[in-house]
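*Asks:* coords_28.txt is reproduced below (compact mmCIF, C-alpha atoms).
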# COMPACT_ATOMS: atom_id res chain seq x y z
CA MET A 288 95.66 81.70 133.30
CA GLU A 289 93.64 79.77 130.79
CA GLU A 290 94.70 80.51 127.23
CA ARG A 291 91.89 81.28 124.88
CA VAL A 292 91.40 82.62 121.41
CA LEU A 293 88.64 85.05 120.60
CA GLU A 294 87.77 85.52 116.94
CA TRP A 295 85.43 87.65 114.88
CA ASP A 296 84.71 87.78 111.16
CA TYR A 297 83.22 90.72 109.31
CA GLU A 298 82.31 91.52 105.73
CA ILE A 299 83.34 94.73 103.98
CA GLU A 300 81.51 96.11 100.95
CA GLY A 301 83.51 97.86 98.26
CA LYS A 302 82.49 101.47 97.50
CA ASP A 303 80.13 101.56 100.48
CA PHE A 304 81.55 104.79 101.86
CA ARG A 305 78.66 105.40 104.22
CA ASN A 306 79.49 102.26 106.19
CA ALA A 307 83.25 102.39 105.69
CA GLY A 308 84.88 102.15 109.10
CA LYS A 309 82.05 100.24 110.75
CA VAL A 310 84.09 97.06 111.03
CA SER A 311 87.09 98.80 112.59
CA SER A 312 84.72 100.56 114.93
CA LYS A 313 83.57 97.13 116.14
CA VAL A 314 87.19 95.97 116.51
CA LYS A 315 87.90 99.05 118.59
CA GLU A 316 84.81 98.56 120.75
CA ILE A 317 85.75 94.94 121.45
CA MET A 318 89.25 95.96 122.51
CA LYS A 319 87.97 98.76 124.71
CA GLU A 320 85.52 96.40 126.39
CA LEU A 321 88.30 93.91 127.02
CA GLY A 322 90.25 96.63 128.81
CA PHE A 323 93.26 97.07 126.53
CA ASP A 324 95.38 100.19 127.02
CA PRO A 325 93.82 103.14 125.08
CA ASP A 326 97.05 104.00 123.20
CA PHE A 327 97.40 100.39 122.12
CA VAL A 328 93.74 100.30 121.05
CA ARG A 329 94.20 103.44 118.95
CA GLY A 330 97.15 101.96 117.04
CA VAL A 331 95.27 98.76 116.28
CA ALA A 332 92.15 100.71 115.27
CA ILE A 333 94.21 102.84 112.86
CA ALA A 334 95.79 99.78 111.23
CA SER A 335 92.41 98.07 110.94
CA TYR A 336 90.71 101.18 109.58
CA GLU A 337 93.39 101.79 106.96
CA ALA A 338 93.06 98.18 105.79
CA GLU A 339 89.27 98.42 105.77
CA MET A 340 89.37 101.68 103.81
CA ASN A 341 91.65 100.07 101.23
CA VAL A 342 88.99 97.42 100.58
CA VAL A 343 86.20 100.02 100.40
CA CYS A 344 88.23 102.28 98.09
CA HIS A 345 89.77 99.72 95.76
CA ALA A 346 88.02 96.34 95.94
CA GLU A 347 84.62 94.83 95.15
CA LYS A 348 84.27 93.27 98.58
CA GLY A 349 86.30 91.77 101.35
CA THR A 350 86.43 90.26 104.80
CA LEU A 351 88.17 91.19 108.03
CA HIS A 352 89.16 88.50 110.47
CA PHE A 353 90.08 89.69 113.95
CA ALA A 354 91.58 87.31 116.49
CA ILE A 355 92.84 87.88 120.00
CA LEU A 356 95.51 85.28 120.67
CA PRO A 357 97.28 84.86 124.01
CA GLU A 358 100.08 87.33 123.23
CA THR A 359 99.16 88.73 119.84
CA LEU A 360 96.33 90.29 117.91
CA ARG A 361 95.84 89.08 114.37
CA ILE A 362 93.95 90.99 111.70
CA VAL A 363 93.57 89.47 108.25
CA VAL A 364 91.89 91.53 105.56
CA GLN A 365 91.19 89.69 102.36
CA ASP A 366 89.59 91.21 99.31
CA LYS A 367 88.33 90.42 95.86
CA GLY A 368 89.64 93.23 93.74
CA PRO A 369 92.25 94.53 91.32
CA GLY A 370 95.23 93.43 93.42
CA ILE A 371 98.50 95.34 93.86
CA PRO A 372 100.95 94.98 90.93
CA ASP A 373 103.99 96.27 92.83
CA ILE A 374 103.78 95.90 96.61
CA ASP A 375 107.14 97.61 97.28
CA LEU A 376 105.95 100.64 95.35
CA ALA A 377 102.61 100.62 97.19
CA MET A 378 104.49 100.62 100.50
CA GLN A 379 106.21 103.89 99.65
CA GLU A 380 104.79 106.90 101.44
CA GLY A 381 102.92 109.11 99.03
CA TYR A 382 102.34 106.48 96.36
CA SER A 383 98.65 106.08 95.60
CA THR A 384 96.39 104.90 92.81
CA ALA A 385 93.26 106.26 94.47
CA PRO A 386 90.83 108.09 92.18
CA LEU A 387 89.71 111.66 92.75
CA GLU A 388 86.49 110.73 94.58
CA ILE A 389 88.53 108.98 97.26
CA ARG A 390 91.00 111.84 97.56
CA GLU A 391 88.08 114.22 98.01
CA MET A 392 87.12 112.26 101.11
CA GLY A 393 90.51 112.88 102.64
CA PHE A 394 92.08 109.56 101.69
CA GLY A 395 94.34 108.32 98.93
CA ALA A 396 97.41 110.19 100.08
CA GLY A 397 99.53 107.07 99.84
CA MET A 398 99.81 106.68 103.60
CA GLY A 399 97.59 103.63 104.14
CA LEU A 400 100.08 100.78 103.88
CA PRO A 401 102.97 102.67 105.55
CA ASN A 402 100.58 103.55 108.35
CA MET A 403 99.55 99.91 108.79
CA LYS A 404 103.23 98.97 108.99
CA LYS A 405 103.86 101.66 111.58
CA ASN A 406 101.07 100.41 113.83
CA THR A 407 101.80 96.68 113.62
CA ASP A 408 104.66 94.37 114.53
CA GLU A 409 104.34 92.26 111.41
CA LEU A 410 102.69 93.17 108.14
CA ASP A 411 102.43 90.67 105.34
CA ILE A 412 100.83 91.52 102.01
CA SER A 413 100.21 89.07 99.22
CA SER A 414 98.39 90.03 96.09
CA THR A 415 97.38 88.63 92.74
CA VAL A 416 96.56 91.15 90.05
CA GLY A 417 92.98 90.75 88.89
CA GLU A 418 92.04 88.57 91.86
CA GLY A 419 92.67 90.34 95.11
CA THR A 420 94.86 91.09 98.10
CA VAL A 421 95.44 89.57 101.51
CA VAL A 422 96.84 91.76 104.27
CA GLU A 423 97.86 90.04 107.49
CA MET A 424 98.80 92.10 110.51
CA LEU A 425 100.17 90.85 113.81
CA ILE A 426 100.35 93.12 116.80
CA ARG A 427 101.90 92.00 120.07
CA THR A 428 99.64 92.77 122.99
CA PRO A 429 101.02 94.92 125.78
CA PRO A 430 101.96 93.25 129.09
CA SER A 431 98.95 91.95 131.00
CA LYS A 432 99.33 94.60 133.71
CA GLU A 433 97.94 97.05 131.19
CA ARG A 434 94.80 95.02 130.83
CA SER A 435 92.06 94.99 133.40
CA GLU A 436 90.02 91.89 132.74
CA MET B 1436 90.69 124.69 127.60
CA GLN B 1437 87.05 123.82 128.04
CA LEU B 1438 84.58 123.35 125.23
CA TRP B 1439 82.55 126.45 126.10
CA GLU B 1440 85.69 128.57 125.70
CA ILE B 1441 86.44 127.06 122.30
CA LYS B 1442 82.85 127.62 121.22
CA GLY B 1443 83.11 131.26 122.26
CA ILE B 1444 86.54 131.92 120.72
CA LEU B 1445 85.43 130.45 117.40
CA GLU B 1446 81.92 131.97 117.61
CA ALA B 1447 80.83 128.45 116.83
CA GLU B 1448 77.54 126.62 116.91
CA LEU B 1449 77.04 123.12 118.31
CA LEU B 1450 75.60 120.68 115.78
CA TRP B 1451 74.09 118.33 118.32
CA GLU B 1452 73.09 118.75 121.93
CA PRO B 1453 73.10 118.32 124.84
CA VAL B 1454 76.85 118.17 125.34
CA ASP B 1455 79.17 118.71 128.27
CA LEU B 1456 80.38 122.28 127.78
CA GLN B 1457 82.99 121.74 130.48
CA LEU B 1458 84.70 119.03 128.45
CA GLU B 1459 88.47 119.57 128.64
CA ILE B 1460 90.32 119.86 125.34
CA GLU B 1461 94.09 119.94 125.74
CA THR B 1462 95.35 119.73 122.16
CA ALA B 1463 94.12 120.47 118.66
CA GLU B 1464 95.03 119.59 115.11
CA ALA B 1465 93.88 120.79 111.72
CA ALA B 1466 93.71 118.70 108.56
CA ASP B 1467 91.68 118.10 105.45
CA LEU B 1468 93.58 114.93 104.79
CA MET B 1469 92.29 112.14 107.00
CA SER B 1470 95.43 110.16 106.13
CA ASP B 1471 97.40 112.85 107.95
CA VAL B 1472 95.16 112.54 111.00
CA LEU B 1473 95.64 108.77 111.01
CA SER B 1474 99.39 108.97 110.57
CA GLN B 1475 99.96 111.03 113.70
CA SER B 1476 101.01 108.94 116.64
CA ILE B 1477 99.59 111.39 119.10
CA GLY B 1478 96.83 113.48 117.67
CA GLY B 1479 94.81 116.34 119.02
CA GLU B 1480 91.61 116.10 120.96
CA LEU B 1481 89.97 118.70 118.74
CA LEU B 1482 90.08 118.41 114.95
CA LEU B 1483 89.52 121.44 112.76
CA THR B 1484 88.65 120.52 109.21
CA GLY B 1485 86.92 121.57 106.02
CA LEU B 1486 85.77 118.04 105.23
CA ILE B 1487 82.23 117.07 106.18
CA ASN B 1488 81.77 113.45 105.09
CA SER B 1489 81.15 110.54 107.43
CA GLN B 1490 84.78 109.41 107.15
CA VAL B 1491 85.76 112.43 109.23
CA ILE B 1492 83.67 111.02 112.09
CA ARG B 1493 85.05 107.49 111.60
CA THR B 1494 88.60 108.81 111.51
CA ALA B 1495 87.97 110.83 114.65
CA GLU B 1496 86.59 107.75 116.34
CA MET B 1497 89.69 105.69 115.53
CA VAL B 1498 92.12 108.24 116.97
CA ASP B 1499 90.07 109.28 120.02
CA ILE B 1500 89.27 112.80 118.87
CA LYS B 1501 86.71 114.27 121.25
CA ALA B 1502 85.37 117.15 119.16
CA ILE B 1503 85.39 118.34 115.55
CA THR B 1504 85.03 121.91 114.34
CA PHE B 1505 83.98 122.40 110.73
CA ILE B 1506 85.25 125.64 109.26
CA HIS B 1507 83.79 128.12 106.78
CA GLY B 1508 80.26 127.46 108.01
CA LYS B 1509 80.22 123.91 106.70
CA ARG B 1510 77.71 121.40 108.01
CA PRO B 1511 77.67 117.65 107.48
CA ASP B 1512 74.40 115.92 106.58
CA ALA B 1513 71.99 114.62 109.21
CA LYS B 1514 73.26 111.03 109.01
CA THR B 1515 76.82 112.15 109.64
CA ILE B 1516 75.73 114.28 112.60
CA ALA B 1517 73.76 111.29 113.95
CA LEU B 1518 76.85 109.08 113.64
CA ALA B 1519 78.91 111.60 115.62
CA GLN B 1520 76.23 111.79 118.29
CA GLN B 1521 76.11 108.00 118.52
CA LYS B 1522 79.89 107.95 118.98
CA GLY B 1523 79.85 110.82 121.45
CA ILE B 1524 82.00 113.05 119.23
CA LEU B 1525 81.05 116.70 119.66
CA LEU B 1526 80.51 118.77 116.53
CA LEU B 1527 80.83 122.51 116.06
CA THR B 1528 80.69 124.74 113.03
CA THR B 1529 82.30 128.15 112.70
CA ASN B 1530 82.16 130.72 109.94
CA LEU B 1531 85.89 131.31 110.32
CA PHE B 1532 88.36 129.93 107.81
CA LEU B 1533 90.86 127.32 108.92
CA PHE B 1534 93.84 129.58 109.49
CA GLU B 1535 91.92 132.13 111.48
CA ALA B 1536 90.21 129.47 113.60
CA CYS B 1537 93.57 127.83 114.40
CA ALA B 1538 95.22 131.17 115.08
CA ARG B 1539 92.51 132.26 117.50
CA LEU B 1540 92.77 129.02 119.48
CA ALA B 1541 96.56 129.09 119.51
CA MET B 1542 96.61 132.70 120.68
CA ARG B 1543 94.41 131.72 123.58
CA GLY B 1544 96.75 128.93 124.60
CA LEU B 1545 95.53 125.76 122.92
CA THR B 1546 98.47 123.70 121.69
CA GLY B 1547 98.95 121.25 118.87
CA SER B 1548 99.90 117.62 119.29
CA SER B 1549 103.52 116.98 120.19
CA GLY B 1550 104.29 114.73 117.25
CA THR B 1551 106.22 112.33 119.44
CA ILE B 1552 106.50 108.84 118.02
CA TRP B 1553 105.36 106.30 120.56
Starting from the file, give its structure as structure tokens.
*Replies:*
Amino acid sequence: MEERVLEWDYEIEGKDFRNAGKVSSKVKEIMKELGFDPDFVRGVAIASYEAEMNVVCHAEKGTLHFAILPETLRIVVQDKGPGIPDIDLAMQEGYSTAPLEIREMGFGAGMGLPNMKKNTDELDISSTVGEGTVVEMLIRTPPSKERSE
Amino acid sequence: MQLWEIKGILEAELLWEPVDLQLEIETAEAADLMSDVLSQSIGGELLLTGLINSQVIRTAEMVDIKAITFIHGKRPDAKTIALAQQKGILLLTTNLFLFEACARLAMRGLTGSSGTIW
């Protein structure tokens, strides 16, 4: 089978709660159209959505890069924002710096990063305080029998 | 359980139509914290919640929730309802409070999600 890479790039606006989730919705639609297993799609959509919501909630703006590689999915979310001073602390379940307005929307419970980790095979976070954060997620695709291309 | 049964048990109103009243709903979950909904490996097909912002619809979309019931007579705004309609997520509103709505459905046999980690 010919190996190919499919890639998409999207922009995410900080504080644009009305459109928050739109990018992950597109990621999910692409995966559904390509025939990935629904349980697998849900896990990827959750990881993507959590990362997207982090940009909307905390950053000025950001981008989401989605690539379908031969055996892996790659999602890179990069933002211009306050950065994360202590990544280990941010990875702890329940730790959150989200303001009240975000908590009122049902987010900011300190589950975002742990939830991304749970739904991905590799999660790499690098951050510079005052500049921004890069989150890279790799998810191994299920065996091809579960795809109907 | 089919949607028409849930609608009847909760004395609920549909927020957009037409919908398939014979839609099968096998499991339900209740949460006001969307983070909790997203952190469940296997969620319910019906979400009962007191939140009415558009993130409820987006969250439901990500985890394949088929229908949402807003409790305490709450109604999202028109844009949020339109988003749900566009995504095919059914919306109901009931005057019941969360506990009573959950209890009624549970007593009639609707179960929660298993919580199994996949």
*Asks:* Of the candidates A:Cys344, A:Val363, A:Ala332, A:Met378, which shows the shortest atom-to-atom distance to B:Glu1496, using all atoms listed in the file?
*Replies:*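 Answer, going by the shortest atom-to-atom distance: A:Ala332.
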*Asks:* Could you work out an axis-aligned bounding box for all listed atoms of stretch 391-396 of chain A, with 3 Å added on each of the six sides, and give its centre and edge lengths in Å to one decimal, as AutoDock Vina command-line options?
*Replies:*
--center_x 92.3 --center_y 111.3 --center_z 100.3 --size_x 16.3 --size_y 11.9 --size_z 10.6
*Asks:* Extract, using only C-alpha atoms, all DNA, RNA and protein residues at most 7 Å from stretch 1501-1517 of chain B, discarding same-chain residues fewer than 2 positions from it, and format them as a list in words.
*Replies:*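 Near stretch 1501-1517 of chain B, the qualifying residues are Glu1480, Leu1481, Leu1482, Leu1483, Thr1484, Gly1485, Ile1487, Asn1488, Ser1489, Asp1499, Ala1519, Gln1520, Gln1521, Ile1524, Leu1525, Leu1526, Leu1527, Thr1528, Thr1529, Asn1530, Leu1531, Phe1532 and Leu1533 of chain B.
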*Asks:* Hey, which of B:Pro1453, B:Gly1547, B:Gly1443, B:Gly1478 ends up closest to chain A? Count all atoms listed in the file.
*Replies:* B:Gly1478
*Asks:* Can you check which residues of chain B have any atom within 7 Å of chain A? Use all atoms listed in the file and format it as an MDAnalysis selection string.
*Replies:* chainID B and resid 1467:1470 1473:1474 1488:1489 1493 1497:1498
*Asks:* Separation of atom CA of B:Lys1522 and atom CA of A:Gly322, in Å?
*Replies:*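 Here the two named atoms are 18.2 Å from each other.
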*Asks:* Please provide the set of residues having any atom within 10 Å of A:Leu351, restricted to only C-alpha atoms, with same-chain residues fewer than 2 positions apart removed, written as a ChimeraX atom specification.
*Replies:* /A:295-299,310-311,314,335,338-339,342,349,353-354,362-366,421-423
*Asks:* What is the distance, in Å and to one decimal place, between atom CA of A:Arg427 and atom CA of A:Leu356?
*Replies:*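 That distance, rounded to one decimal, is 9.3 Å.
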*Asks:* Find the spatial neighbours of stretch 409-416 of chain A, counting all atoms listed in the file, within a cut-off of 6 Å - ignore same-chain residues fewer than 4 positions away - and output them as a PDB file with C-alpha atoms, in the frame of the given file.
*Replies:*
ATOM      1  CA  PRO A 369      92.250  94.530  91.320  1.00  0.00           C
ATOM      2  CA  GLY A 370      95.230  93.430  93.420  1.00  0.00           C
ATOM      3  CA  ILE A 371      98.500  95.340  93.860  1.00  0.00           C
ATOM      4  CA  PRO A 372     100.950  94.980  90.930  1.00  0.00           C
ATOM      5  CA  LYS A 404     103.230  98.970 108.990  1.00  0.00           C
ATOM      6  CA  THR A 420      94.860  91.090  98.100  1.00  0.00           C
ATOM      7  CA  VAL A 421      95.440  89.570 101.510  1.00  0.00           C
ATOM      8  CA  VAL A 422      96.840  91.760 104.270  1.00  0.00           C
ATOM      9  CA  GLU A 423      97.860  90.040 107.490  1.00  0.00           C
ATOM     10  CA  MET A 424      98.800  92.100 110.510  1.00  0.00           C
ATOM     11  CA  LEU A 425     100.170  90.850 113.810  1.00  0.00           C
TER      12      LEU A 425
END
*Asks:* Report the distance between atom CA of A:Ile389 and atom CA of A:Leu360 in Å, rounded to one decimal place.
*Replies:*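 Computed distance, atom CA of A:Ile389 to atom CA of A:Leu360, equals 28.9 Å.
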